[in-house]
Each structure stands twice: as C-alpha cells, then as structure tokens.
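Coordinates from model.csv are shown below (CSV, C-alpha atoms).
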```csv
chain,number,residue,atom,x,y,z
F,470,MET,CA,0.0,0.0,0.0
F,471,ARG,CA,1.3,3.4,-1.0
F,472,GLN,CA,2.1,5.9,1.8
F,473,LEU,CA,-0.3,8.9,1.8
F,474,ASP,CA,1.5,12.2,1.4
F,475,GLU,CA,-0.6,14.8,3.3
F,476,SER,CA,1.0,17.7,1.5
F,477,THR,CA,-0.2,16.5,-1.9
F,478,ILE,CA,-3.3,14.4,-1.2
F,479,ALA,CA,-5.8,17.3,-1.5
F,480,ARG,CA,-4.5,18.2,-4.9
F,481,GLN,CA,-4.4,14.5,-6.0
F,482,LEU,CA,-8.0,14.0,-4.9
F,483,GLN,CA,-9.1,17.1,-6.9
F,484,ASP,CA,-7.4,15.8,-10.0
F,485,GLU,CA,-9.7,13.5,-12.0
F,486,SER,CA,-6.7,11.5,-13.4
F,487,THR,CA,-5.4,10.5,-9.9
F,488,ARG,CA,-8.6,10.7,-7.8
F,489,HIS,CA,-9.7,7.1,-8.0
F,490,ALA,CA,-6.3,5.6,-7.3
F,491,VAL,CA,-5.6,8.0,-4.3
F,492,PHE,CA,-9.1,7.4,-2.9
F,493,THR,CA,-8.5,3.7,-3.0
F,494,ASP,CA,-5.3,4.3,-0.9
F,495,VAL,CA,-7.3,6.4,1.5
F,496,VAL,CA,-9.9,3.7,1.9
F,497,ASN,CA,-7.2,1.1,2.5
F,498,ALA,CA,-5.5,3.3,5.1
F,499,TYR,CA,-8.5,4.3,7.0
F,500,LYS,CA,-11.2,1.6,6.7
F,501,GLU,CA,-10.0,-0.4,9.8
F,502,PRO,CA,-9.4,2.5,12.2
F,503,LEU,CA,-12.6,4.1,11.2
F,504,TYR,CA,-14.5,0.9,11.5
F,505,TRP,CA,-13.4,0.4,15.1
F,506,HIS,CA,-14.1,4.0,15.8
F,507,ILE,CA,-17.7,3.4,14.7
F,508,ARG,CA,-18.1,-0.1,16.0
F,509,ARG,CA,-17.3,0.8,19.5
F,510,MET,CA,-20.1,3.3,19.4
F,511,VAL,CA,-22.8,1.2,17.8
F,512,THR,CA,-21.5,-2.2,18.9
F,513,ILE,CA,-23.5,-4.1,16.1
F,514,HIS,CA,-21.3,-5.1,13.1
F,515,ASP,CA,-24.0,-4.6,10.4
F,516,ASP,CA,-24.7,-1.1,11.7
F,517,ALA,CA,-21.0,-0.3,11.8
F,518,ASP,CA,-20.6,-1.6,8.2
F,519,ASP,CA,-23.4,0.6,7.0
F,520,ILE,CA,-22.0,3.7,8.7
F,521,LEU,CA,-18.5,3.0,7.4
F,522,GLN,CA,-19.7,2.7,3.8
F,523,ASN,CA,-21.8,5.9,4.2
F,524,THR,CA,-18.7,7.7,5.6
F,525,PHE,CA,-16.6,6.9,2.5
F,526,ILE,CA,-19.5,7.6,0.2
F,527,LYS,CA,-19.9,11.1,1.8
F,528,ALA,CA,-16.2,11.6,1.6
F,529,TRP,CA,-16.2,10.7,-2.1
F,530,ASN,CA,-19.1,13.0,-2.8
F,531,GLY,CA,-17.5,15.8,-0.8
F,532,LEU,CA,-14.0,15.6,-2.3
F,533,SER,CA,-14.4,19.0,-3.9
F,534,SER,CA,-14.8,20.5,-0.4
F,535,PHE,CA,-11.6,19.0,0.9
F,536,ARG,CA,-8.9,21.6,0.3
F,537,GLY,CA,-6.3,20.3,2.7
F,538,GLU,CA,-6.8,23.0,5.3
F,539,SER,CA,-7.4,20.3,7.9
F,540,LYS,CA,-5.6,16.9,8.0
F,541,LEU,CA,-7.2,14.1,6.0
F,542,SER,CA,-7.6,12.1,9.2
F,543,THR,CA,-9.4,14.9,10.9
F,544,TRP,CA,-11.8,15.3,8.0
F,545,LEU,CA,-12.6,11.6,7.7
F,546,TYR,CA,-13.0,11.1,11.5
F,547,ARG,CA,-15.3,14.1,11.6
F,548,ILE,CA,-17.5,12.6,8.8
F,549,ALA,CA,-17.5,9.2,10.6
F,550,THR,CA,-18.3,10.7,14.0
F,551,ASN,CA,-21.2,12.7,12.6
F,552,GLU,CA,-22.6,9.7,10.7
F,553,THR,CA,-22.4,7.7,13.9
F,554,LEU,CA,-24.0,10.3,16.2
F,555,ASN,CA,-26.8,10.8,13.6
F,556,PHE,CA,-27.4,7.1,13.5
F,557,LEU,CA,-27.6,6.8,17.3
F,558,GLU,CA,-30.0,9.8,17.4
F,559,ARG,CA,-32.3,8.1,14.9
F,560,GLN,CA,-32.0,4.8,16.8
F,561,ARG,CA,-32.8,6.5,20.1
F,562,HIS,CA,-36.0,8.0,18.7
F,563,ALA,CA,-37.1,4.7,17.3
F,564,SER,CA,-36.3,2.3,20.2
F,565,VAL,CA,-36.7,1.5,23.9
F,566,SER,CA,-37.5,3.8,26.8
F,567,LEU,CA,-34.7,5.0,29.1
F,568,ASP,CA,-35.8,2.7,31.9
F,569,ASP,CA,-35.2,-0.4,29.8
F,570,GLU,CA,-31.9,0.9,28.3
F,571,GLU,CA,-29.6,-0.9,30.6
F,572,SER,CA,-31.2,-4.3,30.1
F,573,HIS,CA,-31.5,-3.7,26.4
F,574,ALA,CA,-27.8,-3.0,26.1
F,575,ALA,CA,-27.0,-6.2,28.0
F,576,LEU,CA,-29.3,-8.4,25.9
F,577,THR,CA,-27.9,-6.9,22.7
F,578,LEU,CA,-24.3,-7.8,23.6
F,579,GLN,CA,-25.2,-11.3,24.9
F,580,SER,CA,-26.9,-12.2,21.7
F,581,ASP,CA,-24.3,-10.6,19.4
F,582,PRO,CA,-22.3,-13.4,17.5
F,583,PHE,CA,-19.6,-10.9,16.9
F,584,PHE,CA,-19.0,-10.1,20.5
F,585,ASP,CA,-16.9,-12.7,22.5
F,586,GLY,CA,-15.7,-10.7,25.4
F,587,ASP,CA,-15.7,-12.1,29.0
F,588,GLU,CA,-18.2,-11.0,31.6
F,589,THR,CA,-16.0,-8.0,32.7
F,590,GLN,CA,-15.6,-6.8,29.1
F,591,GLN,CA,-19.3,-7.1,28.7
F,592,GLN,CA,-19.9,-5.1,31.8
F,593,LEU,CA,-17.5,-2.4,30.5
F,594,GLN,CA,-19.4,-2.2,27.2
F,595,GLU,CA,-22.7,-2.0,29.0
F,596,ALA,CA,-21.5,0.9,31.1
F,597,ILE,CA,-20.1,2.7,28.1
F,598,ASN,CA,-23.4,2.2,26.2
F,599,LEU,CA,-25.2,4.0,29.1
F,600,LEU,CA,-23.1,7.2,28.6
F,601,PRO,CA,-24.7,10.0,26.5
F,602,PRO,CA,-23.5,9.6,22.9
F,603,LYS,CA,-21.1,12.5,22.7
F,604,GLN,CA,-19.6,11.5,26.1
F,605,ARG,CA,-19.3,7.9,24.9
F,606,GLN,CA,-17.5,9.2,21.8
F,607,VAL,CA,-15.0,11.1,23.9
F,608,PHE,CA,-14.4,8.2,26.2
F,609,ASN,CA,-13.8,5.8,23.3
F,610,MET,CA,-11.5,8.1,21.5
F,611,LYS,CA,-9.3,8.6,24.6
F,612,TYR,CA,-9.6,5.2,26.3
F,613,PHE,CA,-9.4,2.8,23.3
F,614,GLU,CA,-8.0,4.9,20.5
F,615,GLU,CA,-5.6,6.9,22.8
F,616,MET,CA,-6.1,10.0,20.7
F,617,LYS,CA,-4.5,13.2,21.9
F,618,TYR,CA,-6.9,15.8,23.2
F,619,GLU,CA,-5.7,18.3,20.6
F,620,ASP,CA,-6.6,15.9,17.8
F,621,MET,CA,-10.0,15.1,19.4
F,622,SER,CA,-10.6,18.8,19.7
F,623,GLU,CA,-10.3,19.2,15.9
F,624,VAL,CA,-12.5,16.2,15.1
F,625,LEU,CA,-15.2,17.0,17.6
F,626,GLU,CA,-14.9,20.8,17.4
F,627,THR,CA,-14.9,21.0,21.2
F,628,SER,CA,-12.3,22.7,23.4
F,629,VAL,CA,-9.6,20.6,25.1
F,630,GLY,CA,-10.8,21.6,28.5
F,631,ALA,CA,-14.4,20.5,27.8
F,632,LEU,CA,-13.1,17.2,26.4
F,633,LYS,CA,-10.9,16.5,29.5
F,634,ALA,CA,-13.9,17.2,31.8
F,635,SER,CA,-16.1,15.0,29.7
F,636,TYR,CA,-13.6,12.1,29.8
F,637,HIS,CA,-13.0,12.2,33.5
F,638,HIS,CA,-16.7,12.4,34.1
F,639,ALA,CA,-17.2,9.3,31.9
F,640,VAL,CA,-14.5,7.4,33.7
F,641,LYS,CA,-16.1,8.1,37.1
F,642,LYS,CA,-19.5,6.9,35.8
F,643,ILE,CA,-18.1,3.7,34.5
F,644,CYS,CA,-16.2,3.1,37.7
F,645,ASP,CA,-19.4,3.7,39.7
F,646,PHE,CA,-21.2,1.2,37.4
F,647,PHE,CA,-18.6,-1.5,38.3
F,648,GLU,CA,-18.9,-0.8,42.0
F,649,GLN,CA,-22.7,-1.0,41.9
F,650,HIS,CA,-22.5,-4.4,40.0
F,651,ASP,CA,-19.7,-5.9,42.0
B,297,MET,CA,-11.6,1.9,47.4
B,298,THR,CA,-12.3,4.3,44.4
B,299,MET,CA,-11.5,3.0,41.0
B,300,ASP,CA,-9.7,5.1,38.5
B,301,GLU,CA,-8.7,4.7,34.9
B,302,LYS,CA,-5.6,2.7,35.7
B,303,LYS,CA,-7.5,0.2,37.8
B,304,LEU,CA,-10.3,0.1,35.1
B,305,ARG,CA,-7.7,-0.9,32.5
B,306,GLU,CA,-6.3,-3.6,34.9
B,307,LEU,CA,-9.7,-5.0,35.5
B,308,THR,CA,-11.0,-5.1,31.9
B,309,GLY,CA,-7.7,-5.8,30.0
B,310,GLN,CA,-6.8,-4.4,26.6
B,311,GLN,CA,-8.2,-7.2,24.4
B,312,ASN,CA,-10.7,-6.2,21.8
B,313,PRO,CA,-13.9,-8.2,22.5
B,314,PHE,CA,-15.5,-7.3,19.1
B,315,ARG,CA,-15.1,-9.5,16.0
B,316,VAL,CA,-15.8,-9.0,12.3
B,317,PRO,CA,-17.0,-11.6,9.8
B,318,GLU,CA,-14.2,-13.5,8.0
B,319,GLY,CA,-12.9,-11.6,5.0
B,320,TYR,CA,-14.8,-8.4,5.9
B,321,PHE,CA,-12.0,-5.9,5.4
B,322,GLU,CA,-10.7,-7.8,2.3
B,323,ASP,CA,-14.1,-7.6,0.6
B,324,PHE,CA,-15.0,-4.1,1.8
B,325,ASN,CA,-13.5,-2.2,-1.1
B,326,ASP,CA,-15.4,-4.1,-3.8
B,327,ARG,CA,-18.7,-3.5,-2.0
B,328,LEU,CA,-17.9,0.2,-1.4
B,329,PHE,CA,-16.7,1.0,-4.9
B,330,ALA,CA,-19.8,-0.7,-6.4
B,331,ARG,CA,-21.9,2.0,-4.6
B,332,LEU,CA,-19.8,5.0,-5.6
B,333,PRO,CA,-21.2,7.1,-8.4
B,334,GLN,CA,-19.3,6.2,-11.6
B,335,GLN,CA,-17.6,9.2,-13.3
B,336,LYS,CA,-18.9,9.3,-16.9
B,337,LYS,CA,-16.4,10.2,-19.6
B,338,ALA,CA,-17.6,13.2,-21.7
B,339,LYS,CA,-18.7,11.9,-25.1
B,340,SER,CA,-16.8,13.6,-27.9
B,341,ILE,CA,-19.1,14.4,-30.7
B,342,ARG,CA,-17.9,13.2,-34.0
B,343,LEU,CA,-19.3,14.5,-37.3
B,344,ARG,CA,-18.9,12.8,-40.6
B,345,PRO,CA,-16.5,14.6,-42.9
B,346,VAL,CA,-19.2,15.9,-45.2
B,347,LEU,CA,-21.0,17.5,-42.3
B,348,TRP,CA,-17.8,19.3,-41.3
B,349,ARG,CA,-17.8,20.9,-44.8
B,350,TYR,CA,-21.4,22.0,-44.4
B,351,ALA,CA,-20.7,23.5,-41.0
B,352,ALA,CA,-17.7,25.4,-42.3
B,353,ALA,CA,-19.8,26.8,-45.2
B,354,VAL,CA,-22.4,28.0,-42.7
B,355,VAL,CA,-19.8,29.7,-40.5
B,356,VAL,CA,-18.3,31.6,-43.5
B,357,ALA,CA,-21.7,32.7,-44.7
B,358,LEU,CA,-22.7,34.0,-41.3
B,359,GLY,CA,-19.4,35.8,-41.0
B,360,LEU,CA,-19.8,37.6,-44.3
B,361,GLY,CA,-23.4,38.5,-43.6
B,362,THR,CA,-22.5,39.9,-40.2
B,363,ALA,CA,-19.7,42.0,-41.6
B,364,LEU,CA,-22.0,43.5,-44.3
B,365,TYR,CA,-24.7,44.3,-41.7
B,366,LEU,CA,-22.3,46.0,-39.3
B,367,ASN,CA,-20.7,48.0,-42.2
B,368,GLN,CA,-24.2,49.5,-43.0
B,369,GLU,CA,-24.9,50.2,-39.3
B,370,SER,CA,-21.6,52.1,-38.8
B,371,GLN,CA,-22.5,54.9,-41.3
B,372,PRO,CA,-23.1,58.1,-39.3
B,373,VAL,CA,-26.6,59.4,-39.2
B,374,THR,CA,-25.4,63.0,-39.8
B,375,ALA,CA,-24.0,63.5,-43.3
B,376,TYR,CA,-21.0,65.9,-43.2
B,377,ASP,CA,-19.9,67.8,-46.3
B,378,SER,CA,-16.3,66.9,-45.4
B,379,GLN,CA,-14.2,65.2,-42.8
B,380,GLU,CA,-13.1,68.7,-41.7
B,381,ASP,CA,-16.6,69.7,-40.8
B,382,TYR,CA,-17.0,66.5,-38.7
B,383,TYR,CA,-13.8,67.2,-36.7
B,384,ASN,CA,-14.8,70.9,-36.2
B,385,GLU,CA,-18.1,69.9,-34.6
B,386,GLU,CA,-16.3,67.3,-32.3
B,387,LEU,CA,-13.8,70.0,-31.2
B,388,ASP,CA,-16.6,72.4,-30.3
B,389,TYR,CA,-18.1,69.8,-28.0
B,390,ILE,CA,-14.7,69.1,-26.3
B,391,MET,CA,-14.0,72.8,-25.7
B,392,VAL,CA,-17.3,73.6,-24.1
B,393,GLY,CA,-16.5,74.7,-20.5
B,394,ASN,CA,-18.2,73.9,-17.2
B,395,MET,CA,-19.5,77.6,-16.9
B,396,GLU,CA,-21.1,77.4,-20.3
B,397,ILE,CA,-22.8,74.2,-19.4
B,398,ALA,CA,-24.1,75.6,-16.1
B,399,GLU,CA,-25.4,78.7,-17.8
B,400,TYR,CA,-27.1,76.6,-20.5
B,401,LEU,CA,-28.8,74.4,-17.8
B,402,THR,CA,-29.9,77.3,-15.6
B,403,ALA,CA,-31.3,79.1,-18.7
B,404,ALA,CA,-33.3,76.0,-19.5
B,405,GLU,CA,-35.0,75.9,-16.1
```
Will you turn the file into structure tokens for me?
Amino acid sequence: MRQLDESTIARQLQDESTRHAVFTDVVNAYKEPLYWHIRRMVTIHDDADDILQNTFIKAWNGLSSFRGESKLSTWLYRIATNETLNFLERQRHASVSLDDEESHAALTLQSDPFFDGDETQQQLQEAINLLPPKQRQVFNMKYFEEMKYEDMSEVLETSVGALKASYHHAVKKICDFFEQHD
Amino acid sequence: MTMDEKKLRELTGQQNPFRVPEGYFEDFNDRLFARLPQQKKAKSIRLRPVLWRYAAAVVVALGLGTALYLNQESQPVTAYDSQEDYYNEELDYIMVGNMEIAEYLTAAE
C-alpha cells in the first residue's frame, strides 16, 4: 500500500486523473481504524458496516470541499463521527424507553455473535453504552483509540478543556457502574 | 476503594472483544466502490467529414453577412460635407467649458 502524502493528497483528490487511485489508498489506510471508531459506538457489526460505507461515500461526494486546510484524518474522522451520532440519534427516537436501556444494552451484547468478550468486558461495554452519545465518543477516543486531546478537539470541534472534563466524568460513571454491579 | 482509569484498565484488560465476519475488510473495497457514483467520460461528438464541410460553409456565410450588416450600421446618421466639418463639430463639444454648461442648464429651467 502506498504511503499517503498529506502535502499533496488534497490536490491529487481534486485531479480526476489521480482521484480514484488515491481514494483507494485512502480507503485502504482508514477503513479499519474508522470501522473500530464506529463499531465501539454502535456495537453491532452490520450497523458499523453501513455507517462506514456511508462515511466513505460522503467523503467521495464531498471531495471538492476537501482543500487540505485540515488533516485528511481529521476530515474523515469528523464525517464518521457525525454519521455515527446521527445514527444513534435516529435509533434513540425509534427504540426502547430509558428505563429499559440498561437491560436492552446487556441483551444486545449477549446475543451478538460478533462479541466474544468475557463478563468483565461485557460489563464495561454495557457501562459505556449508558453514557450519552457524545460523552461515549469522547471516552472511546481517549480510552481505546488513545487519541490526543488536541486531535480530538479538531475532530469534535470542542475545546480541550471540555473534552478533559467529559472524559474524567465518563471514567467516574463507568467506575461507579462496576462498583454497583460488584 | 475508588477505582480510577488505571484500575479500570487492569480490570478489563486491553483485548478487543469485538469480532468481524471473515474476510470483511478484504471484501470491503469491492462493496464500497460498487456503490460509488461512476464518473462518466464526456462523449466527444464526431461528425462525418461531409457534415464538417457544411458546418464550415455556414460559418463563412454567417461571417460575411454579419460583416455586411455591421458596415451598414456604422454609417453616421449625420451626413457631413467633409471630414473637416466633422472634426470641427467634435472639437466644439470638447471645448465647451463647465461655466457654459451651467449657464445653459440654468437658462433652460
């Protein structure tokens, strides 16, 4: 796989003669990290697959708007994050009441053939699923993806201070969840 | 005892509990690119050689006709006895001063 050159990629994506080849390289470079970025939010593989495809389709359709002012990764993660949060919002309006949310999250994971974590990992995911979507996103990006706050700030368009506060609050909630279910 | 992030990591481990179907990432590109809008090549219009000759003839005819029409329109409405009379009138307009214009306008009110 060719290395992506951030300094020239915007121009190459604008150029019709190089666009397809470079976009293929972009997909190859980002499909796995973006998939896990999405999957940890929505947990179900089929949903993550749909959102990942939509992310790249939106990126393809929006190539004319990518001028290289932000990093390619920032731009892609921003699209993926927005697609994910929009999906969760639609799902929230369509599904169970808040009272049933904890048991629904547990049942979903138990019956998921593509989740094979042990009981502790299942509890962790249940706790994460109970966080509000944006706080969940912050937690995942810091805890699992180990993203720097400065990079998260560009993707989520939120101040570093607010992100730090959100993350520490999320960690506290998850720890409280474990203590309650001990 | 209050848990913190470090203890949380020790408790839950670092292993990823999520799995993907076999071959998922290998097959992803084919499925994605099948959904991307295909860029259509612009069709180049080819005329048969005889049609090119007709087209050229029409262009020449239009060009001649336009030139004749414009030549007629460029004739001045005012007929001058000589070129000198035409220049004299132009110079009169150029040399009219602001005071004369003001007087003319105020006299007209």
**Spatial neighbours of Arg331 (chain B), 10 Å, all atoms listed in the file, chain gap at least 5 places, as a ChimeraX atom specification** = /F:522-523,526 /B:326
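Between CA of Ser542 (chain F) and CA of Arg327 (chain B) there is a distance of 22.2 Å.
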**Asked** If you measure from CA of Asp581 (chain F) to CA of Asp518 (chain F), what distance in Å do you get, rounded to one decimal?
**Response** 14.8 Å
**Complete:** A straight line from CA of Ser580 (chain F) to CA of Pro313 (chain B) spans 13.6 Å
**Request:** Go through F:Lys500, F:His506, F:Arg605, F:His638 and flag the residue nearest Phe321 (chain B), using all atoms listed in the file for the distances.
**Result:**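 Of F:Lys500, F:His506, F:Arg605, F:His638, the one nearest Phe321 (chain B) is F:Lys500, counting all atoms listed in the file.
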**Shell of 10 Å around Pro502 (chain F), all atoms listed in the file, local chain residues under 6 positions omitted, as a count of residues only** = 3
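Residues in contact with region 619-629 of chain F at up to 8 Å, not including ones fewer than 2 positions away on its chain and judged by all atoms listed in the file, are Thr543, Trp544, Tyr546, Arg547, Thr550, Val607, Met610, Met616, Lys617, Ala631, Leu632 and Lys633 of chain F.
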Proximity check chain B to chain F, 6 Å, nearest pairs one decimal Å, all atoms listed in the file, as a tab-separated table:
```
residue	atom	partner	partner_atom	distance
B:Met299	CA	F:Cys644	CA	5.7
B:Thr308	CA	F:Gln590	CA	5.6
B:Pro313	CA	F:Gly586	CA	4.2
B:Phe314	CA	F:Phe584	CA	4.7
B:Arg315	CA	F:Phe583	CA	4.8
```
**Prompt:** Can you tell me, as a PyMOL selection string, which residues sit within 12 Å of (1.3, 12.5, -5.1) in the file's frame, using only C-alpha atoms?
**Reply:** chain F and resi 471-484+486-488+490-492+494
